file query-v6.txt (compact mmCIF, C-alpha atoms)
# COMPACT_ATOMS: atom_id res chain seq x y z
CA MET Y 1 84.90 -59.93 -79.64
CA THR Y 2 87.89 -62.07 -80.70
CA LYS Y 3 85.58 -64.37 -82.60
CA GLU Y 4 84.10 -61.42 -84.45
CA ILE Y 5 87.55 -60.20 -85.47
CA THR Y 6 88.65 -63.66 -86.62
CA ILE Y 7 85.60 -64.02 -88.84
CA GLU Y 8 86.10 -60.52 -90.24
CA LYS Y 9 89.71 -61.39 -91.09
CA LYS Y 10 88.56 -64.55 -92.89
CA VAL Y 11 86.00 -62.59 -94.90
CA LEU Y 12 88.63 -60.02 -95.86
CA SER Y 13 91.24 -62.59 -96.87
CA GLU Y 14 88.67 -64.44 -98.98
CA ASN Y 15 87.89 -61.07 -100.56
CA GLU Y 16 91.57 -60.47 -101.28
CA ARG Y 17 91.86 -63.81 -103.01
CA LEU Y 18 88.87 -63.07 -105.26
CA ALA Y 19 90.07 -59.51 -105.88
CA ALA Y 20 93.47 -60.79 -107.00
CA GLU Y 21 91.73 -63.13 -109.47
CA LEU Y 22 89.65 -60.25 -110.81
CA GLY Y 23 92.69 -57.97 -111.02
CA ASN Y 24 94.61 -60.58 -113.03
CA LYS Y 25 91.74 -60.93 -115.48
CA MET Y 26 91.64 -57.17 -116.01
CA VAL Y 27 95.39 -56.96 -116.64
CA LEU Y 28 95.37 -59.93 -119.03
CA ASN Y 29 92.53 -58.39 -121.01
CA GLY Y 30 93.99 -54.89 -121.04
CA VAL Y 31 91.04 -53.43 -119.18
CA LEU Y 32 91.44 -50.34 -117.03
CA SER Y 33 89.27 -50.95 -113.96
CA LEU Y 34 88.43 -48.12 -111.58
CA ASN Y 35 86.57 -48.28 -108.28
CA ILE Y 36 84.87 -44.92 -107.75
CA VAL Y 37 84.12 -44.10 -104.11
CA SER Y 38 82.59 -41.06 -102.40
CA SER Y 39 80.09 -39.78 -99.86
CA PRO Y 40 76.43 -40.00 -100.88
CA GLY Y 41 75.59 -37.31 -103.41
CA ALA Y 42 79.12 -36.16 -104.26
CA GLY Y 43 78.43 -36.57 -107.97
CA LYS Y 44 79.75 -40.01 -109.02
CA THR Y 45 76.80 -40.71 -111.29
CA SER Y 46 76.79 -37.22 -112.80
CA LEU Y 47 80.46 -37.50 -113.71
CA LEU Y 48 79.92 -40.98 -115.17
CA GLU Y 49 76.90 -39.83 -117.19
CA LYS Y 50 79.03 -37.13 -118.74
CA THR Y 51 81.96 -39.50 -119.29
CA ILE Y 52 79.80 -42.06 -121.06
CA ARG Y 53 78.11 -39.41 -123.19
CA ASP Y 54 81.44 -37.90 -124.28
CA LEU Y 55 83.66 -41.00 -124.60
CA LYS Y 56 81.28 -43.77 -125.66
CA ASP Y 57 82.42 -43.61 -129.29
CA GLU Y 58 86.09 -43.48 -128.32
CA TYR Y 59 86.15 -46.35 -125.80
CA LYS Y 60 84.13 -49.40 -124.91
CA ILE Y 61 82.95 -48.71 -121.40
CA ALA Y 62 81.29 -51.06 -118.91
CA VAL Y 63 79.82 -49.95 -115.59
CA VAL Y 64 78.73 -51.77 -112.45
CA ALA Y 65 76.55 -49.30 -110.53
CA GLY Y 66 76.34 -50.19 -106.84
CA ASP Y 67 73.67 -48.87 -104.52
CA VAL Y 68 72.09 -49.84 -101.22
CA GLN Y 69 68.69 -49.47 -102.84
CA THR Y 70 67.17 -48.52 -106.25
CA GLU Y 71 68.52 -48.99 -109.77
CA ASN Y 72 68.16 -45.28 -110.53
CA ASP Y 73 71.87 -44.67 -111.13
CA ALA Y 74 72.16 -47.57 -113.54
CA ASN Y 75 69.11 -46.27 -115.43
CA ARG Y 76 70.68 -42.81 -115.69
CA LEU Y 77 73.85 -44.33 -117.17
CA VAL Y 78 71.88 -46.35 -119.71
CA ASP Y 79 70.02 -43.17 -120.68
CA ALA Y 80 73.40 -41.48 -121.17
CA GLY Y 81 74.23 -44.11 -123.80
CA GLY Y 82 75.92 -46.74 -121.63
CA LYS Y 83 75.96 -50.00 -123.62
CA TRP Y 84 76.90 -52.34 -120.78
CA VAL Y 85 75.59 -51.18 -117.40
CA ARG Y 86 74.68 -53.47 -114.52
CA PRO Y 87 72.92 -52.30 -111.36
CA LEU Y 88 74.22 -53.94 -108.21
CA VAL Y 89 71.75 -53.42 -105.37
CA THR Y 90 73.30 -54.46 -102.06
CA GLY Y 91 69.97 -54.39 -100.20
CA GLY Y 92 71.53 -52.90 -97.06
CA SER Y 93 75.23 -53.70 -97.31
CA CYS Y 94 77.46 -50.65 -96.95
CA HIS Y 95 80.08 -51.62 -99.56
CA LEU Y 96 80.68 -53.78 -102.62
CA ASP Y 97 82.95 -56.81 -102.37
CA ALA Y 98 84.90 -58.84 -104.92
CA ARG Y 99 82.37 -61.68 -104.95
CA MET Y 100 79.58 -59.27 -105.95
CA ILE Y 101 81.74 -57.89 -108.78
CA SER Y 102 82.68 -61.37 -110.06
CA LYS Y 103 79.01 -62.23 -110.21
CA ALA Y 104 77.98 -58.91 -111.79
CA ILE Y 105 80.50 -59.18 -114.65
CA LYS Y 106 80.25 -62.91 -115.32
CA ASP Y 107 78.57 -62.35 -118.71
CA LEU Y 108 80.88 -59.47 -119.67
CA ASP Y 109 83.43 -60.23 -122.41
CA LEU Y 110 86.45 -58.44 -120.94
CA LYS Y 111 88.29 -58.66 -124.26
CA SER Y 112 85.66 -56.40 -125.78
CA ILE Y 113 86.03 -53.48 -123.37
CA ASP Y 114 88.59 -50.78 -122.55
CA LEU Y 115 87.29 -49.42 -119.28
CA LEU Y 116 85.37 -50.99 -116.39
CA ILE Y 117 84.01 -48.50 -113.90
CA ILE Y 118 82.68 -49.74 -110.59
CA GLU Y 119 80.52 -47.14 -108.90
CA ASN Y 120 80.66 -48.08 -105.24
CA VAL Y 121 78.02 -47.44 -102.56
CA GLY Y 122 78.08 -43.83 -101.29
CA ASN Y 123 80.17 -44.28 -98.16
CA LEU Y 124 83.61 -42.89 -97.25
CA VAL Y 125 84.38 -45.59 -94.69
CA CYS Y 126 83.57 -49.23 -95.44
CA PRO Y 127 84.44 -49.47 -99.17
CA ALA Y 128 88.05 -48.56 -98.24
CA SER Y 129 88.52 -52.06 -96.77
CA TYR Y 130 87.35 -54.03 -99.80
CA ASP Y 131 89.64 -54.49 -102.78
CA LEU Y 132 87.57 -55.16 -105.91
CA GLY Y 133 90.54 -56.08 -108.06
CA GLU Y 134 90.60 -52.56 -109.43
CA TYR Y 135 93.65 -50.90 -110.93
CA MET Y 136 92.88 -47.88 -108.79
CA LYS Y 137 90.39 -46.42 -106.33
CA VAL Y 138 89.23 -42.96 -107.37
CA VAL Y 139 87.86 -40.90 -104.49
CA LEU Y 140 85.46 -38.13 -105.38
CA ILE Y 141 84.76 -35.39 -102.92
CA SER Y 142 82.55 -32.39 -103.49
CA VAL Y 143 83.10 -28.79 -102.46
CA PRO Y 144 80.04 -28.54 -100.15
CA GLU Y 145 81.33 -31.43 -98.01
CA GLY Y 146 84.20 -29.30 -96.69
CA ASP Y 147 87.97 -29.42 -97.05
CA ASP Y 148 88.53 -31.49 -93.88
CA LYS Y 149 87.26 -34.80 -95.28
CA PRO Y 150 90.67 -36.36 -96.09
CA LEU Y 151 91.69 -35.94 -92.44
CA LYS Y 152 88.44 -37.40 -91.11
CA TYR Y 153 88.29 -40.39 -93.47
CA PRO Y 154 92.00 -41.09 -94.00
CA GLY Y 155 91.65 -44.77 -94.94
CA MET Y 156 89.90 -43.94 -98.18
CA PHE Y 157 92.37 -41.26 -99.20
CA LYS Y 158 95.34 -43.47 -98.33
CA ARG Y 159 94.06 -46.26 -100.58
CA SER Y 160 93.07 -44.08 -103.55
CA GLY Y 161 95.31 -43.09 -106.45
CA LEU Y 162 93.26 -40.14 -107.67
CA MET Y 163 91.14 -37.58 -105.84
CA ILE Y 164 88.60 -35.66 -107.87
CA VAL Y 165 87.28 -32.49 -106.24
CA ASN Y 166 83.83 -32.11 -107.78
CA LYS Y 167 81.19 -29.34 -107.77
CA THR Y 168 83.80 -26.60 -108.16
CA ASP Y 169 80.94 -24.36 -109.35
CA LEU Y 170 80.05 -24.14 -105.62
CA LEU Y 171 83.44 -22.69 -104.62
CA GLY Y 172 82.80 -19.47 -102.74
CA THR Y 173 79.49 -20.62 -101.23
CA SER Y 174 81.26 -21.92 -98.09
CA ASP Y 175 84.66 -21.64 -96.41
CA PHE Y 176 85.99 -24.60 -98.46
CA SER Y 177 89.59 -23.95 -99.56
CA MET Y 178 91.00 -25.82 -102.56
CA ASP Y 179 94.56 -25.36 -101.27
CA GLN Y 180 93.56 -26.73 -97.88
CA VAL Y 181 91.83 -29.83 -99.26
CA LYS Y 182 94.88 -30.61 -101.39
CA GLN Y 183 97.22 -30.10 -98.45
CA ASN Y 184 95.02 -32.31 -96.24
CA ALA Y 185 94.81 -35.04 -98.89
CA ARG Y 186 98.56 -35.03 -99.57
CA SER Y 187 99.32 -35.18 -95.84
CA ILE Y 188 97.54 -38.56 -95.90
CA ASN Y 189 98.80 -39.71 -99.31
CA SER Y 190 101.63 -37.79 -100.94
CA ASP Y 191 101.31 -39.72 -104.24
CA LEU Y 192 97.68 -38.80 -104.86
CA ASP Y 193 96.79 -37.40 -108.30
CA ILE Y 194 94.32 -34.53 -107.93
CA LEU Y 195 91.77 -33.19 -110.43
CA GLU Y 196 89.07 -30.53 -110.11
CA THR Y 197 85.75 -30.85 -111.93
CA SER Y 198 82.30 -29.36 -112.20
CA CYS Y 199 79.71 -31.45 -114.00
CA ARG Y 200 77.52 -28.36 -114.18
CA THR Y 201 79.95 -25.97 -115.92
CA GLU Y 202 82.10 -28.78 -117.41
CA ASP Y 203 85.20 -27.11 -115.97
CA GLY Y 204 88.00 -29.65 -115.59
CA VAL Y 205 86.07 -32.49 -117.21
CA GLU Y 206 88.53 -32.54 -120.12
CA ASP Y 207 91.39 -33.08 -117.61
CA TRP Y 208 89.57 -36.15 -116.33
CA TYR Y 209 89.28 -37.49 -119.88
CA LYS Y 210 92.99 -36.84 -120.42
CA TRP Y 211 93.75 -38.76 -117.23
CA LEU Y 212 91.49 -41.63 -118.39
CA ARG Y 213 93.13 -41.76 -121.84
CA LYS Y 214 96.60 -42.00 -120.31
CA HIS Y 215 95.61 -44.86 -118.00
CA ILE Y 216 93.59 -46.73 -120.64
CA LYS Y 217 96.67 -46.63 -122.85
CA ARG Y 218 98.82 -48.00 -120.02
CA ALA Y 219 96.36 -50.81 -119.29
CA ARG Y 220 96.42 -51.83 -122.96
CA LYS Y 221 100.23 -51.89 -123.02
CA LYS Y 222 100.37 -54.06 -119.92
CA SER Y 223 98.23 -56.74 -121.53
CA VAL Y 224 100.46 -57.07 -124.59
CA MET D 225 78.90 -67.10 -94.45
CA THR D 226 76.41 -68.53 -91.91
CA LYS D 227 79.02 -68.11 -89.19
CA GLU D 228 79.52 -64.48 -90.15
CA ILE D 229 75.79 -63.81 -89.95
CA THR D 230 75.46 -65.58 -86.59
CA ILE D 231 78.28 -63.50 -85.12
CA GLU D 232 76.79 -60.31 -86.53
CA LYS D 233 73.44 -61.16 -84.93
CA LYS D 234 75.15 -61.72 -81.58
CA VAL D 235 76.95 -58.38 -81.82
CA LEU D 236 73.69 -56.63 -82.67
CA SER D 237 71.70 -58.27 -79.88
CA GLU D 238 74.41 -57.41 -77.36
CA ASN D 239 74.19 -53.86 -78.70
CA GLU D 240 70.42 -53.85 -78.22
CA ARG D 241 70.80 -54.94 -74.61
CA LEU D 242 73.27 -52.15 -73.87
CA ALA D 243 71.18 -49.63 -75.81
CA ALA D 244 68.09 -50.52 -73.76
CA GLU D 245 70.09 -49.92 -70.57
CA LEU D 246 71.26 -46.55 -71.87
CA GLY D 247 67.75 -45.61 -72.98
CA ASN D 248 66.33 -46.42 -69.54
CA LYS D 249 68.93 -44.24 -67.85
CA MET D 250 68.05 -41.33 -70.14
CA VAL D 251 64.34 -41.66 -69.46
CA LEU D 252 64.81 -41.99 -65.69
CA ASN D 253 66.97 -38.86 -65.66
CA GLY D 254 64.69 -36.86 -67.94
CA VAL D 255 67.38 -36.46 -70.59
CA LEU D 256 66.45 -36.00 -74.24
CA SER D 257 69.02 -38.02 -76.19
CA LEU D 258 69.37 -37.60 -79.94
CA ASN D 259 71.54 -39.57 -82.36
CA ILE D 260 72.42 -37.28 -85.27
CA VAL D 261 73.30 -39.09 -88.48
CA SER D 262 74.20 -37.90 -91.98
CA SER D 263 76.54 -38.22 -94.94
CA PRO D 264 80.02 -36.76 -94.44
CA GLY D 265 79.93 -32.97 -94.63
CA ALA D 266 76.15 -32.48 -94.47
CA GLY D 267 76.54 -29.98 -91.63
CA LYS D 268 76.01 -31.86 -88.35
CA THR D 269 78.80 -30.01 -86.56
CA SER D 270 77.80 -26.61 -87.96
CA LEU D 271 74.23 -27.06 -86.73
CA LEU D 272 75.45 -28.23 -83.32
CA GLU D 273 77.88 -25.30 -83.01
CA LYS D 274 75.01 -22.92 -83.59
CA THR D 275 72.70 -24.84 -81.24
CA ILE D 276 75.24 -24.79 -78.41
CA ARG D 277 76.00 -21.11 -78.95
CA ASP D 278 72.31 -20.16 -78.90
CA LEU D 279 70.90 -22.53 -76.27
CA LYS D 280 73.77 -23.06 -73.82
CA ASP D 281 72.26 -20.68 -71.25
CA GLU D 282 68.79 -22.16 -71.65
CA TYR D 283 69.68 -25.88 -71.40
CA LYS D 284 72.47 -28.04 -70.07
CA ILE D 285 73.78 -29.77 -73.17
CA ALA D 286 76.23 -32.68 -73.44
CA VAL D 287 77.71 -33.89 -76.74
CA VAL D 288 79.52 -37.07 -77.78
CA ALA D 289 81.23 -36.24 -81.10
CA GLY D 290 82.01 -39.36 -83.10
CA ASP D 291 84.51 -39.45 -85.93
CA VAL D 292 86.60 -42.03 -87.73
CA GLN D 293 89.63 -39.82 -87.18
CA THR D 294 90.50 -36.41 -85.63
CA GLU D 295 88.96 -34.58 -82.67
CA ASN D 296 88.32 -31.47 -84.79
CA ASP D 297 84.53 -31.55 -84.42
CA ALA D 298 84.73 -31.87 -80.64
CA ASN D 299 87.14 -28.92 -80.54
CA ARG D 300 84.76 -26.82 -82.62
CA LEU D 301 81.93 -27.58 -80.19
CA VAL D 302 84.07 -26.65 -77.18
CA ASP D 303 84.99 -23.39 -78.93
CA ALA D 304 81.26 -22.75 -79.44
CA GLY D 305 80.84 -22.88 -75.65
CA GLY D 306 80.06 -26.56 -75.14
CA LYS D 307 80.62 -27.36 -71.46
CA TRP D 308 80.57 -31.15 -71.69
CA VAL D 309 81.89 -32.42 -75.04
CA ARG D 310 83.64 -35.75 -75.56
CA PRO D 311 85.36 -36.76 -78.79
CA LEU D 312 84.82 -40.39 -79.73
CA VAL D 313 87.38 -41.42 -82.33
CA THR D 314 86.49 -44.83 -83.77
CA GLY D 315 89.86 -45.29 -85.48
CA GLY D 316 88.32 -46.86 -88.57
CA SER D 317 84.93 -48.12 -87.47
CA CYS D 318 82.06 -46.88 -89.61
CA HIS D 319 79.52 -46.35 -86.82
CA LEU D 320 79.13 -45.78 -83.10
CA ASP D 321 77.73 -48.53 -80.90
CA ALA D 322 76.08 -48.58 -77.49
CA ARG D 323 79.22 -49.84 -75.75
CA MET D 324 81.21 -46.83 -77.01
CA ILE D 325 78.51 -44.47 -75.76
CA SER D 326 78.33 -46.12 -72.32
CA LYS D 327 82.07 -45.68 -72.00
CA ALA D 328 82.07 -42.11 -73.32
CA ILE D 329 79.41 -40.90 -70.86
CA LYS D 330 80.50 -42.85 -67.79
CA ASP D 331 81.64 -39.70 -65.97
CA LEU D 332 78.60 -37.66 -67.07
CA ASP D 333 76.07 -36.88 -64.34
CA LEU D 334 72.88 -37.44 -66.31
CA LYS D 335 70.81 -35.72 -63.63
CA SER D 336 72.64 -32.50 -64.41
CA ILE D 337 71.80 -32.32 -68.13
CA ASP D 338 68.76 -31.74 -70.32
CA LEU D 339 70.00 -32.80 -73.71
CA LEU D 340 72.54 -35.40 -74.86
CA ILE D 341 73.48 -35.14 -78.50
CA ILE D 342 75.42 -37.97 -80.10
CA GLU D 343 77.02 -36.88 -83.35
CA ASN D 344 77.50 -40.12 -85.26
CA VAL D 345 80.16 -40.93 -87.88
CA GLY D 346 79.35 -39.43 -91.29
CA ASN D 347 77.75 -42.44 -92.97
CA LEU D 348 74.20 -42.99 -94.23
CA VAL D 349 74.37 -46.79 -94.06
CA CYS D 350 75.97 -48.48 -91.05
CA PRO D 351 74.81 -46.24 -88.17
CA ALA D 352 71.22 -47.17 -89.08
CA SER D 353 71.76 -50.66 -87.62
CA TYR D 354 73.06 -49.56 -84.22
CA ASP D 355 70.66 -48.32 -81.57
CA LEU D 356 72.52 -46.07 -79.12
CA GLY D 357 69.65 -45.92 -76.62
CA GLU D 358 68.59 -42.61 -78.12
CA TYR D 359 65.09 -41.19 -77.91
CA MET D 360 65.31 -40.49 -81.62
CA LYS D 361 67.60 -40.62 -84.64
CA VAL D 362 67.75 -37.30 -86.46
CA VAL D 363 68.87 -37.61 -90.07
CA LEU D 364 70.41 -34.54 -91.63
CA ILE D 365 70.65 -34.27 -95.38
CA SER D 366 72.00 -31.33 -97.30
CA VAL D 367 70.68 -29.78 -100.50
CA PRO D 368 73.81 -30.49 -102.63
CA GLU D 369 73.50 -34.24 -101.98
CA GLY D 370 70.36 -34.44 -104.10
CA ASP D 371 66.72 -35.18 -103.37
CA ASP D 372 67.00 -38.92 -104.09
CA LYS D 373 68.90 -39.85 -100.93
CA PRO D 374 65.91 -41.15 -98.91
CA LEU D 375 65.19 -43.69 -101.67
CA LYS D 376 68.81 -44.80 -101.91
CA TYR D 377 69.46 -45.12 -98.16
CA PRO D 378 65.99 -46.12 -96.93
CA GLY D 379 67.15 -47.83 -93.71
CA MET D 380 68.31 -44.58 -92.18
CA PHE D 381 65.15 -42.66 -93.08
CA LYS D 382 62.93 -45.47 -91.85
CA ARG D 383 64.61 -45.46 -88.43
CA SER D 384 64.72 -41.68 -87.96
CA GLY D 385 62.04 -39.52 -86.37
CA LEU D 386 63.16 -36.19 -87.79
CA MET D 387 64.75 -35.25 -91.11
CA ILE D 388 66.52 -31.89 -91.28
CA VAL D 389 67.19 -30.62 -94.80
CA ASN D 390 70.26 -28.43 -94.34
CA LYS D 391 72.13 -25.94 -96.57
CA THR D 392 68.91 -24.49 -97.95
CA ASP D 393 70.99 -21.46 -98.98
CA LEU D 394 72.17 -23.69 -101.85
CA LEU D 395 68.64 -24.26 -103.23
CA GLY D 396 68.68 -23.27 -106.89
CA THR D 397 72.31 -24.29 -107.50
CA SER D 398 71.24 -27.80 -108.60
CA ASP D 399 68.06 -29.61 -109.61
CA PHE D 400 67.29 -30.46 -105.96
CA SER D 401 63.56 -30.15 -105.25
CA MET D 402 62.33 -29.63 -101.69
CA ASP D 403 58.93 -31.09 -102.56
CA GLN D 404 60.57 -34.15 -104.08
CA VAL D 405 62.86 -34.84 -101.12
CA LYS D 406 59.88 -34.61 -98.76
CA GLN D 407 57.82 -36.91 -100.94
CA ASN D 408 60.71 -39.40 -101.17
CA ALA D 409 61.30 -39.32 -97.42
CA ARG D 410 57.61 -39.74 -96.56
CA SER D 411 57.29 -42.65 -99.00
CA ILE D 412 59.83 -44.42 -96.77
CA ASN D 413 58.55 -43.12 -93.43
CA SER D 414 55.19 -41.37 -93.34
CA ASP D 415 55.64 -40.29 -89.69
CA LEU D 416 58.85 -38.34 -90.26
CA ASP D 417 59.01 -34.78 -88.91
CA ILE D 418 60.75 -32.51 -91.44
CA LEU D 419 62.59 -29.23 -90.88
CA GLU D 420 64.58 -27.02 -93.26
CA THR D 421 67.69 -25.15 -92.10
CA SER D 422 70.62 -23.13 -93.32
CA CYS D 423 73.45 -22.62 -90.86
CA ARG D 424 74.78 -19.90 -93.13
CA THR D 425 71.67 -17.68 -93.33
CA GLU D 426 70.14 -19.04 -90.07
CA ASP D 427 66.88 -19.69 -91.94
CA GLY D 428 64.84 -22.31 -90.13
CA VAL D 429 67.22 -22.60 -87.20
CA GLU D 430 64.57 -21.21 -84.86
CA ASP D 431 62.21 -24.03 -85.94
CA TRP D 432 64.86 -26.53 -84.89
CA TYR D 433 65.10 -24.86 -81.48
CA LYS D 434 61.32 -24.95 -81.17
CA TRP D 435 61.37 -28.68 -81.98
CA LEU D 436 64.12 -29.23 -79.38
CA ARG D 437 62.22 -27.30 -76.68
CA LYS D 438 59.10 -29.38 -77.24
CA HIS D 439 61.00 -32.66 -76.95
CA ILE D 440 63.14 -31.58 -73.98
CA LYS D 441 59.90 -30.71 -72.17
CA ARG D 442 58.46 -34.13 -73.00
CA ALA D 443 61.60 -35.92 -71.79
CA ARG D 444 61.41 -34.06 -68.48
CA LYS D 445 57.77 -34.99 -67.98
CA LYS D 446 58.47 -38.66 -68.67
CA SER D 447 61.03 -38.80 -65.87
CA VAL D 448 58.64 -37.44 -63.23
call {"tool": "encode", "arguments": {"input": "query-v6.txt", "output": "structure tokens"}}
result
Amino acid sequence: MTKEITIEKKVLSENERLAAELGNKMVLNGVLSLNIVSSPGAGKTSLLEKTIRDLKDEYKIAVVAGDVQTENDANRLVDAGGKWVRPLVTGGSCHLDARMISKAIKDLDLKSIDLLIIENVGNLVCPASYDLGEYMKVVLISVPEGDDKPLKYPGMFKRSGLMIVNKTDLLGTSDFSMDQVKQNARSINSDLDILETSCRTEDGVEDWYKWLRKHIKRARKKSV
Amino acid sequence: MTKEITIEKKVLSENERLAAELGNKMVLNGVLSLNIVSSPGAGKTSLLEKTIRDLKDEYKIAVVAGDVQTENDANRLVDAGGKWVRPLVTGGSCHLDARMISKAIKDLDLKSIDLLIIENVGNLVCPASYDLGEYMKVVLISVPEGDDKPLKYPGMFKRSGLMIVNKTDLLGTSDFSMDQVKQNARSINSDLDILETSCRTEDGVEDWYKWLRKHIKRARKKSV
């Protein structure tokens, strides 16, 4: 048991070293890098499809699309007009780590992009422990999952800077309460930004773009 | 890296040994033990609440309710009339293992129960690798998650014996196709039993009870 823990610590500290390197590169090149995390099927890819479609002429966007299996998400993002999209199939691993990201973006000219989005594996637990050098983790939860998720998976909500509550078109189909989910999330992380979106009705999507614009601007300023 | 893999193998083989012990105990005592796995918020607890409420006079049911944090699910199951319910808070770990189960059920008189349900942590990846000595893994997916999940998380669907498609009351609110999810699941595991349920409308819940009755009967026969 002790041996197991020691090895895990070594793996994590090696990850932190690589993540710091990645983070520095992003800052130096003025790239806003976001690590999007959620349960399976919460709508990460749908939101990214829409984002690429609507902002691809405004910003240069790169995406690393992680999945345990299949390149389907990456294909969807290319179809949406994504110019630089890389699938990252973990083949069983429950999270992405900094080494995988370094490898995935090794041919990406960071100077040429504004926004790097890393779509993590659908999992509310393990990806919380792995820094990918991102500026911020963005946790997406969807209305049908229930308003108790921040309390049950606190690590992820503690380490995220923005929570997006997606599938708001399904409000009213269950006992999900928007006030309750916000209260639960803020009890874990009082600094959390919160947005509400529906990829189906497009409600709130413009707020997400506004949020992105603000942070892309900041990332650019930092690199000057 | 090699060291990490070696240690992981040791942990898994120790888990297999303990799981085999647990499995033997279940068989000898005629207990049907099920390991229920799903994404966060797919409806494991809702289905179990209903099951306990409806079958508690027919069968003696025990539940181990796993969660990363909070004992809320266990409390809900006690409120539903559960007579033997134990919360199992992992405090960060992304799955349950056989050692946790052995500890959780050490004061349970297996002779006195018909059905042991283990509600795993909400995670479609990691719990696939840990045998808990169960007769069968039951994977629950919910309509809003999308019909592609079996392809993206094949390990879990390969190792399960039953797939329950839950929240069928939300059919029609997205492009989820019941035929497609079945086809995807069977392409991974052709032997999978498949049921459809809605805890909200109660559609299909009786089929789940029928399935349970059949397997409880089988478990009893095996122990004779």
call {"tool": "residues_around", "arguments": {"input": "query-v6.txt", "residues": "Lys221 (chain Y)", "least_positions_apart": "4", "cutoff": "9 Å", "atoms": "only C-alpha atoms", "output": "PyMOL selection string"}}
result
chain Y and resi 30+216-217
call {"tool": "closest_residue", "arguments": {"input": "query-v6.txt", "among": "D:Asp321, D:Asp415, D:Asp393, D:Glu232", "to": "Gly428 (chain D)", "atoms": "only C-alpha atoms"}}
result
D:Asp393
call {"tool": "residues_around", "arguments": {"input": "query-v6.txt", "residues": "Gly81 (chain Y)", "least_positions_apart": "6", "cutoff": "12 Å", "atoms": "all atoms listed in the file", "output": "PDB file with C-alpha atoms, in the frame of the given file"}}
result
ATOM      1  CA  LEU Y  48      79.920 -40.980-115.170  1.00  0.00           C
ATOM      2  CA  GLU Y  49      76.900 -39.830-117.190  1.00  0.00           C
ATOM      3  CA  LYS Y  50      79.030 -37.130-118.740  1.00  0.00           C
ATOM      4  CA  THR Y  51      81.960 -39.500-119.290  1.00  0.00           C
ATOM      5  CA  ILE Y  52      79.800 -42.060-121.060  1.00  0.00           C
ATOM      6  CA  ARG Y  53      78.110 -39.410-123.190  1.00  0.00           C
ATOM      7  CA  ASP Y  54      81.440 -37.900-124.280  1.00  0.00           C
ATOM      8  CA  LEU Y  55      83.660 -41.000-124.600  1.00  0.00           C
ATOM      9  CA  LYS Y  56      81.280 -43.770-125.660  1.00  0.00           C
ATOM     10  CA  ASP Y  57      82.420 -43.610-129.290  1.00  0.00           C
ATOM     11  CA  LYS Y  60      84.130 -49.400-124.910  1.00  0.00           C
ATOM     12  CA  ILE Y  61      82.950 -48.710-121.400  1.00  0.00           C
ATOM     13  CA  ALA Y  62      81.290 -51.060-118.910  1.00  0.00           C
ATOM     14  CA  VAL Y  63      79.820 -49.950-115.590  1.00  0.00           C
ATOM     15  CA  ALA Y  74      72.160 -47.570-113.540  1.00  0.00           C
ATOM     16  CA  ASN Y  75      69.110 -46.270-115.430  1.00  0.00           C
TER      17      ASN Y  75
END
call {"tool": "closest_atom_pairs", "arguments": {"input": "query-v6.txt", "of": "chain Y", "to": "chain D", "cutoff": "10 Å", "atoms": "only C-alpha atoms", "output": "CSV"}}
result
residue,atom,partner,partner_atom,distance
Y:Met1,CA,D:Val235,CA,8.4
Y:Lys3,CA,D:Ile231,CA,7.8
Y:Glu4,CA,D:Ile231,CA,6.2
Y:Ile5,CA,D:Ile231,CA,9.8
Y:Thr6,CA,D:Glu228,CA,9.8
Y:Ile7,CA,D:Glu228,CA,6.2
Y:Glu8,CA,D:Glu228,CA,7.7
Y:Lys10,CA,D:Glu228,CA,9.4
Y:Val11,CA,D:Glu228,CA,8.3
Y:Ser38,CA,D:Pro264,CA,9.4
Y:Ser39,CA,D:Pro264,CA,6.2
Y:Pro40,CA,D:Ser263,CA,6.2
Y:Gly41,CA,D:Glu369,CA,4.0
Y:Ala42,CA,D:Glu369,CA,6.4
Y:Gly43,CA,D:Glu369,CA,8.1
Y:Asp67,CA,D:Lys376,CA,6.9
Y:Val68,CA,D:Lys376,CA,6.1
Y:Gln69,CA,D:Lys376,CA,4.8
Y:Thr70,CA,D:Lys376,CA,5.9
Y:Glu71,CA,D:Lys376,CA,8.9
Y:Asn72,CA,D:Lys376,CA,8.7
Y:Asp73,CA,D:Lys376,CA,9.7
Y:Val89,CA,D:Lys376,CA,9.7
Y:Gly91,CA,D:Tyr377,CA,9.5
Y:Gly92,CA,D:Val349,CA,7.4
Y:Ser93,CA,D:Val349,CA,7.7
Y:Cys94,CA,D:Val349,CA,5.7
Y:His95,CA,D:Val349,CA,9.3
Y:Val121,CA,D:Val349,CA,9.3
Y:Gly122,CA,D:Leu348,CA,8.1
Y:Asn123,CA,D:Asn347,CA,6.0
Y:Leu124,CA,D:Asn347,CA,7.3
Y:Val125,CA,D:Cys318,CA,5.7
Y:Cys126,CA,D:Cys318,CA,6.5
Y:Ala128,CA,D:Gly316,CA,9.8
Y:Ser129,CA,D:Gly316,CA,9.7
Y:Ile141,CA,D:Pro264,CA,9.8
Y:Ser142,CA,D:Pro368,CA,9.0
Y:Val143,CA,D:Gly265,CA,9.4
Y:Pro144,CA,D:Pro368,CA,7.0
Y:Glu145,CA,D:Gly265,CA,4.0
Y:Gly146,CA,D:Gly265,CA,6.0
Y:Asp147,CA,D:Gly265,CA,9.1
Y:Asp148,CA,D:Gly265,CA,8.8
Y:Lys149,CA,D:Pro264,CA,7.5
Y:Pro150,CA,D:Gln293,CA,9.6
Y:Leu151,CA,D:Gln293,CA,6.9
Y:Lys152,CA,D:Gln293,CA,4.8
Y:Tyr153,CA,D:Val292,CA,6.2
Y:Pro154,CA,D:Gln293,CA,7.3
Y:Gly155,CA,D:Gly316,CA,7.5
Y:Lys167,CA,D:Pro368,CA,9.1
Y:Asp169,CA,D:Thr397,CA,8.8
Y:Leu170,CA,D:Thr397,CA,8.0
Y:Thr173,CA,D:Leu394,CA,8.0
Y:Ser174,CA,D:Arg424,CA,8.4
Y:Arg200,CA,D:Ser398,CA,8.4
